[in-house]
Amino acid sequence: MWKLILKNLWSRRKNNGLLMAELVVAAVFSLLLLDVAIVALYDNYCMPHGYDTDVLLLGDIGVEGDEEEYMKDCDDDMLLERAEHVMNRLRMMDEVDDVYLTRGEGYLCPQRIYNYANMFVEADTSKHGFVPYLEYVPGKRFFEISGLRSAEGSPSVETLSDCETGCVVLTRSLSERLFGDENPIGRQIGYYFRNEDTLMCRVAGVVEDVRRSQAERTSYVMFLAQPASRVTPGYTQLVVRLRDGVDAVEFADRLHPSLKKETVVDGMFVKRLTAYSDIISQQKNPDLLISVLLVSVFLFNVCIGVFGTFWLQTRRRMEEIGVMRSFGASRKTVFAMLLGEGWMLATMSFAVACLMWIHFTQIVGIAKGTHTCRLSVGIESYWVSSYGWHIAVVAGIVYTIFLLVVCIGVFIPAYCASRVHPVDALHDKQ
């Protein structure tokens with residue numbers, strides 16, 4: 001069968017050459033456009049953040065009356081005590097699992113901007129660079145509330161939440177970048193901010209990678225255990241974790257009218273609760289769906305063109321089909337031959353298009369801008385940031401779509417032609 005298919009393709013090489021040229025152009029455009037669309041959709045809707053965004057809410061602390069006057073009447077201990085009472089009000093609610101009082105900017109959230117520290121590995125000057133960091137208060141269940149996962153071989157998140165002040169927890173990719181396959185637990189890391197003195201800290205553990213914002217992919221992050229800071233209304237925030245199965249958006253909407261009444265303690269209260277899913281939705285590119293729609297319309301027209309070309313070519317071969325049927329070829333043989341020719345043409349054309357696409361990606365560099373860390377080597381935690389997997393996944397998706405269009409364009413007329421009586425097929429000579 002395959003010898004017959006190759007013989008037929010070669011005997012019609014002039015027509016097939018023009019058809020292949022059309023298919024190559026269509027495949028190249030499909031690869032270029034779908035590459036952008038697939039990656040954009042994955043970035044915005046499929047890539048995990050690495051922590052439990054579906055059960056988290058971000059709360060803002062407010063005070064009654066003028067904030068400056070309120071702050072003057074309270075010392076740091078009073079502010080912290082009142083904030084604890086406010087959190088206890090939330091903890092008493094049936095839907096709430098626990099609440100974390102952030103240390104300054106010490107919380108995971110896709111809307112915030114991280115600070116950077118210049119860090120290095122002790123006794124290894126080659127391992128250094130600017131790394132985003134996040135401070136957390138030990139003993140407050142930070143990792144459990146956020147939903148971070150402990151990496152293999154690392155202490156549990158409960159242990160990491162309770163580690164002593166001055167320790168550091170690394171994400172898995174940062175640990176691999178700094179220490180390779182070696183166990184980082186107990187190793188020393190130095191860091192400093194701008195022109196400040198260098199601080200040394202011990203690596204307490206490793207957690208799985210996190211995605212810092214909706215606009216970035218997985219990146220290096222280190223978590224610094226630091227003591228609690230001053231509670232500042234309008235700046236200090238709460239991270240609320242709900243129990244499993246509770247809808248965060250519905251909970252925030254239902255509590256909103258009575259939020260102040262439910263949480264006020266000595267003039268301090270939670271003035272706003274926002275579900276993480278809402279924060280993420282606000283950060284998604286509003287023009288993305290329009291762009292994907294335009295790409296889809298263009299590709300639909302390309303697919304219609306490919307579909308129509310194969311349909312017409314198959315219909316024009318009615319005389320050849322009639323001859324084959326009159327010499328005893330079965331319907332199954334005719335159908336399989338036509339479908340095999342279409343598959344062969346589509347595959348060869350797509351292979352040529354892939355070579356052109358890969359050459360183009362190497363010129364422009366599809367990996368440029370995909371790494372968010374500032375160390376010398378990027379990370380490849382997901383296929384979108386890995387050149388090899390990027391090429392393989394996009395090519396696989398586009399090839400499946402491309403082959404489906406070609407097969408449908410061949411299948412329908414081939415099926416109809418294979419069931420025509422030989423006399424009728426010869427009578428219908430083109």
# chains A, B, ... in the order shown; residues from 1 in each chain; ligands from 1

call {"tool": "select_by_dssp", "arguments": {"residues": "stretch 73-278 of chain A", "states": "strand (DSSP E or B)", "output": "PyMOL selection string"}}
result
chain A and resi 96-101+103+106+115-121+124-136+150+168-171+188-192+199-207+210-211+218-219+222-225+237-242+265+268-275

call {"tool": "write_last_selection", "arguments": {"atoms": "C-alpha atoms", "output": "PDB file, in the first residue's frame"}}
result
ATOM      1  CA  VAL A  96     -12.102  30.542  57.912  1.00  0.00           C
ATOM      2  CA  ASP A  97      -9.195  28.165  58.487  1.00  0.00           C
ATOM      3  CA  ASP A  98      -6.551  30.666  59.649  1.00  0.00           C
ATOM      4  CA  VAL A  99      -5.295  34.228  59.196  1.00  0.00           C
ATOM      5  CA  TYR A 100      -1.765  35.540  58.706  1.00  0.00           C
ATOM      6  CA  LEU A 101      -0.653  39.089  59.546  1.00  0.00           C
ATOM      7  CA  ARG A 103       5.234  41.567  57.797  1.00  0.00           C
ATOM      8  CA  GLY A 106       5.707  39.653  53.397  1.00  0.00           C
ATOM      9  CA  ASN A 115      12.080  43.515  46.718  1.00  0.00           C
ATOM     10  CA  TYR A 116      15.463  42.281  45.541  1.00  0.00           C
ATOM     11  CA  ALA A 117      18.546  41.379  47.536  1.00  0.00           C
ATOM     12  CA  ASN A 118      22.081  40.828  46.296  1.00  0.00           C
ATOM     13  CA  MET A 119      22.834  37.320  47.518  1.00  0.00           C
ATOM     14  CA  PHE A 120      25.719  34.865  47.225  1.00  0.00           C
ATOM     15  CA  VAL A 121      26.757  31.428  48.403  1.00  0.00           C
ATOM     16  CA  ASP A 124      31.552  30.265  46.079  1.00  0.00           C
ATOM     17  CA  THR A 125      31.784  33.663  44.386  1.00  0.00           C
ATOM     18  CA  SER A 126      30.421  32.293  41.101  1.00  0.00           C
ATOM     19  CA  LYS A 127      26.961  31.820  42.648  1.00  0.00           C
ATOM     20  CA  HIS A 128      25.625  35.325  43.167  1.00  0.00           C
ATOM     21  CA  GLY A 129      23.050  37.743  41.801  1.00  0.00           C
ATOM     22  CA  PHE A 130      19.922  39.763  42.531  1.00  0.00           C
ATOM     23  CA  VAL A 131      17.096  37.567  43.807  1.00  0.00           C
ATOM     24  CA  PRO A 132      13.551  38.560  44.831  1.00  0.00           C
ATOM     25  CA  TYR A 133      12.899  37.947  48.500  1.00  0.00           C
ATOM     26  CA  LEU A 134       9.915  37.855  50.811  1.00  0.00           C
ATOM     27  CA  GLU A 135       9.973  38.257  54.586  1.00  0.00           C
ATOM     28  CA  TYR A 136       7.724  36.263  56.889  1.00  0.00           C
ATOM     29  CA  SER A 150       7.821  21.373  50.886  1.00  0.00           C
ATOM     30  CA  VAL A 168      16.152  31.445  54.806  1.00  0.00           C
ATOM     31  CA  VAL A 169      13.931  29.117  52.755  1.00  0.00           C
ATOM     32  CA  LEU A 170      14.622  28.716  49.025  1.00  0.00           C
ATOM     33  CA  THR A 171      12.409  27.702  46.150  1.00  0.00           C
ATOM     34  CA  GLN A 188      25.241  29.464  54.527  1.00  0.00           C
ATOM     35  CA  ILE A 189      23.994  32.235  52.235  1.00  0.00           C
ATOM     36  CA  GLY A 190      24.961  35.896  52.387  1.00  0.00           C
ATOM     37  CA  TYR A 191      22.812  38.792  51.242  1.00  0.00           C
ATOM     38  CA  TYR A 192      22.689  42.564  51.435  1.00  0.00           C
ATOM     39  CA  LEU A 199      24.047  39.372  56.539  1.00  0.00           C
ATOM     40  CA  MET A 200      24.696  35.654  56.745  1.00  0.00           C
ATOM     41  CA  CYS A 201      21.861  33.159  57.161  1.00  0.00           C
ATOM     42  CA  ARG A 202      21.353  29.414  57.245  1.00  0.00           C
ATOM     43  CA  VAL A 203      19.240  27.555  54.687  1.00  0.00           C
ATOM     44  CA  ALA A 204      16.417  25.959  56.657  1.00  0.00           C
ATOM     45  CA  GLY A 205      14.611  24.219  53.811  1.00  0.00           C
ATOM     46  CA  VAL A 206      13.287  24.200  50.273  1.00  0.00           C
ATOM     47  CA  VAL A 207       9.753  24.659  48.933  1.00  0.00           C
ATOM     48  CA  VAL A 210       6.063  29.743  43.003  1.00  0.00           C
ATOM     49  CA  ARG A 211       4.859  32.185  40.407  1.00  0.00           C
ATOM     50  CA  THR A 218       7.955  30.673  37.799  1.00  0.00           C
ATOM     51  CA  SER A 219      10.931  32.491  39.249  1.00  0.00           C
ATOM     52  CA  MET A 222      13.903  33.265  48.834  1.00  0.00           C
ATOM     53  CA  PHE A 223      11.893  33.580  52.046  1.00  0.00           C
ATOM     54  CA  LEU A 224      13.566  35.333  54.991  1.00  0.00           C
ATOM     55  CA  ALA A 225      12.386  34.640  58.536  1.00  0.00           C
ATOM     56  CA  GLN A 237      -2.455  43.428  55.326  1.00  0.00           C
ATOM     57  CA  LEU A 238      -3.990  40.086  56.237  1.00  0.00           C
ATOM     58  CA  VAL A 239      -3.921  36.841  54.289  1.00  0.00           C
ATOM     59  CA  VAL A 240      -7.054  34.819  55.055  1.00  0.00           C
ATOM     60  CA  ARG A 241      -7.174  31.106  54.281  1.00  0.00           C
ATOM     61  CA  LEU A 242     -10.623  29.535  53.947  1.00  0.00           C
ATOM     62  CA  VAL A 265     -11.955  45.903  67.764  1.00  0.00           C
ATOM     63  CA  MET A 268      -9.447  48.749  64.133  1.00  0.00           C
ATOM     64  CA  PHE A 269     -11.200  46.558  61.575  1.00  0.00           C
ATOM     65  CA  VAL A 270     -10.874  44.799  58.219  1.00  0.00           C
ATOM     66  CA  LYS A 271     -12.131  47.266  55.655  1.00  0.00           C
ATOM     67  CA  ARG A 272     -11.806  45.077  52.581  1.00  0.00           C
ATOM     68  CA  LEU A 273     -11.449  41.406  51.635  1.00  0.00           C
ATOM     69  CA  THR A 274     -10.460  40.500  48.081  1.00  0.00           C
ATOM     70  CA  ALA A 275     -10.281  36.957  46.743  1.00  0.00           C
TER      71      ALA A 275
END

call {"tool": "residues_around", "arguments": {"residues": "A:Cys46", "least_positions_apart": "2", "cutoff": "12 Å", "atoms": "only C-alpha atoms", "output": "list in words"}}
result
Ile38, Val39, Ala40, Leu41, Tyr42, Asp43, Asn44, Pro48, His49, Gly50, Gln214, Arg217, Lys284, Tyr382, Trp383 and Val384 of chain A

call {"tool": "write_last_selection", "arguments": {"atoms": "C-alpha atoms", "output": "PDB file, in the first residue's frame"}}
result
ATOM      1  CA  ILE A  38      -0.977  28.834  22.918  1.00  0.00           C
ATOM      2  CA  VAL A  39       1.726  30.308  25.150  1.00  0.00           C
ATOM      3  CA  ALA A  40      -0.382  33.362  26.010  1.00  0.00           C
ATOM      4  CA  LEU A  41      -3.390  31.231  26.931  1.00  0.00           C
ATOM      5  CA  TYR A  42      -1.243  28.887  29.029  1.00  0.00           C
ATOM      6  CA  ASP A  43       0.429  31.786  30.820  1.00  0.00           C
ATOM      7  CA  ASN A  44      -2.867  33.436  31.686  1.00  0.00           C
ATOM      8  CA  PRO A  48      -0.091  27.174  38.359  1.00  0.00           C
ATOM      9  CA  HIS A  49       1.041  29.763  40.893  1.00  0.00           C
ATOM     10  CA  GLY A  50       2.518  27.222  43.290  1.00  0.00           C
ATOM     11  CA  GLN A 214       0.403  36.972  36.595  1.00  0.00           C
ATOM     12  CA  ARG A 217       6.397  32.695  35.011  1.00  0.00           C
ATOM     13  CA  LYS A 284      -4.934  39.098  33.064  1.00  0.00           C
ATOM     14  CA  TYR A 382       7.524  24.679  32.708  1.00  0.00           C
ATOM     15  CA  TRP A 383       7.513  23.811  29.031  1.00  0.00           C
ATOM     16  CA  VAL A 384       6.949  27.413  27.949  1.00  0.00           C
TER      17      VAL A 384
END

call {"tool": "select_by_dssp", "arguments": {"residues": "stretch 93-235 of chain A", "states": "helix (DSSP H, G or I)", "output": "ChimeraX atom specification"}}
result
/A:142-146,157-161,172-179

call {"tool": "atom_distance", "arguments": {"atom1": "atom CA of A:Glu262", "atom2": "atom CA of A:Tyr107"}}
result
23.8 Å

call {"tool": "closest_residue", "arguments": {"among": "A:Tyr276, A:Ser173, A:Arg141, A:Val221", "to": "A:Thr159", "atoms": "only C-alpha atoms"}}
result
A:Arg141

call {"tool": "residues_around", "arguments": {"residues": "A:Met71", "least_positions_apart": "2", "cutoff": "12 Å", "atoms": "only C-alpha atoms", "output": "ChimeraX atom specification"}}
result
/A:62-69,73-80,230-234,267-268

call {"tool": "atom_distance", "arguments": {"atom1": "atom CA of A:Gly166", "atom2": "atom CA of A:Val86"}}
result
27.8 Å

call {"tool": "residues_around", "arguments": {"residues": "stretch 295-311 of chain A", "least_positions_apart": "4", "cutoff": "9 Å", "atoms": "only C-alpha atoms", "output": "NGL selection string"}}
result
:A and (19 or 22-23 or 26 or 29-30 or 33-34 or 37 or 290-291 or 315-316 or 342 or 402 or 405-414)

call {"tool": "atom_distance", "arguments": {"atom1": "atom CA of A:Asp54", "atom2": "atom CA of A:Ala248"}}
result
6.8 Å

call {"tool": "residues_around", "arguments": {"residues": "A:Met348", "least_positions_apart": "5", "cutoff": "9 Å", "atoms": "only C-alpha atoms", "output": "JSON, numbers by chain"}}
result
{"A": [20, 24, 343, 353]}

call {"tool": "write_last_selection", "arguments": {"atoms": "C-alpha atoms", "output": "compact mmCIF listing (two decimals), in the first residue's frame"}}
result
# COMPACT_ATOMS: atom_id res chain seq x y z
CA MET A 20 3.00 21.04 -0.83
CA VAL A 24 4.10 24.63 3.82
CA TRP A 343 -1.43 12.13 5.38
CA ALA A 353 7.45 24.10 7.82

call {"tool": "residues_around", "arguments": {"residues": "A:Phe360", "least_positions_apart": "5", "cutoff": "12 Å", "atoms": "only C-alpha atoms", "output": "list in words"}}
result
Val28, Phe29, Leu31, Leu32, Ala353, Cys354, Leu355, Gly365, Ile366 and Ile391 of chain A

call {"tool": "write_last_selection", "arguments": {"atoms": "C-alpha atoms", "output": "PDB file, in the first residue's frame"}}
result
ATOM      1  CA  VAL A  28       4.385  28.095   8.801  1.00  0.00           C
ATOM      2  CA  PHE A  29       1.711  30.719   9.456  1.00  0.00           C
ATOM      3  CA  LEU A  31       3.014  27.601  13.772  1.00  0.00           C
ATOM      4  CA  LEU A  32       3.931  31.265  14.134  1.00  0.00           C
ATOM      5  CA  ALA A 353       7.447  24.100   7.815  1.00  0.00           C
ATOM      6  CA  CYS A 354       8.823  23.020  11.201  1.00  0.00           C
ATOM      7  CA  LEU A 355      12.403  23.394   9.979  1.00  0.00           C
ATOM      8  CA  GLY A 365      14.905  33.770  20.174  1.00  0.00           C
ATOM      9  CA  ILE A 366      11.531  32.646  21.507  1.00  0.00           C
ATOM     10  CA  ILE A 391       9.041  23.458  20.285  1.00  0.00           C
TER      11      ILE A 391
END

call {"tool": "closest_residue", "arguments": {"among": "A:Val25, A:Ala228, A:Leu312, A:Ala83", "to": "A:Ala351", "atoms": "only C-alpha atoms"}}
result
A:Val25

call {"tool": "closest_residue", "arguments": {"among": "A:Leu108, A:Ala252, A:Val334, A:Met47", "to": "A:Arg212", "atoms": "only C-alpha atoms"}}
result
A:Leu108

call {"tool": "residues_around", "arguments": {"residues": "A:Arg149", "least_positions_apart": "2", "cutoff": "8 Å", "atoms": "only C-alpha atoms", "output": "PyMOL selection string"}}
result
chain A and resi 50-51+143+147+151+157+207-208

call {"tool": "write_last_selection", "arguments": {"atoms": "N, CA and C atoms", "output": "PDB file, in the first residue's frame"}}
result
ATOM      1  N   GLY A  50       1.677  27.885  42.300  1.00  0.00           N
ATOM      2  CA  GLY A  50       2.518  27.222  43.290  1.00  0.00           C
ATOM      3  C   GLY A  50       2.017  27.355  44.712  1.00  0.00           C
ATOM      4  N   TYR A  51       0.904  28.051  44.914  1.00  0.00           N
ATOM      5  CA  TYR A  51       0.286  28.139  46.230  1.00  0.00           C
ATOM      6  C   TYR A  51      -1.223  28.181  46.046  1.00  0.00           C
ATOM      7  N   PHE A 143       3.704  29.274  55.801  1.00  0.00           N
ATOM      8  CA  PHE A 143       3.740  28.334  54.680  1.00  0.00           C
ATOM      9  C   PHE A 143       2.468  27.504  54.586  1.00  0.00           C
ATOM     10  N   GLY A 147      -0.194  27.782  51.506  1.00  0.00           N
ATOM     11  CA  GLY A 147      -0.372  26.567  50.716  1.00  0.00           C
ATOM     12  C   GLY A 147       0.867  26.172  49.950  1.00  0.00           C
ATOM     13  N   ALA A 151       9.617  20.797  49.338  1.00  0.00           N
ATOM     14  CA  ALA A 151      10.268  20.001  48.305  1.00  0.00           C
ATOM     15  C   ALA A 151      10.760  18.681  48.893  1.00  0.00           C
ATOM     16  N   VAL A 157       6.551  21.904  55.880  1.00  0.00           N
ATOM     17  CA  VAL A 157       6.223  23.329  55.914  1.00  0.00           C
ATOM     18  C   VAL A 157       5.916  23.783  57.340  1.00  0.00           C
ATOM     19  N   VAL A 207      11.152  24.838  49.311  1.00  0.00           N
ATOM     20  CA  VAL A 207       9.753  24.659  48.933  1.00  0.00           C
ATOM     21  C   VAL A 207       9.655  24.622  47.414  1.00  0.00           C
ATOM     22  N   GLU A 208       8.531  24.121  46.931  1.00  0.00           N
ATOM     23  CA  GLU A 208       8.328  24.055  45.483  1.00  0.00           C
ATOM     24  C   GLU A 208       8.221  25.464  44.894  1.00  0.00           C
TER      25      GLU A 208
END
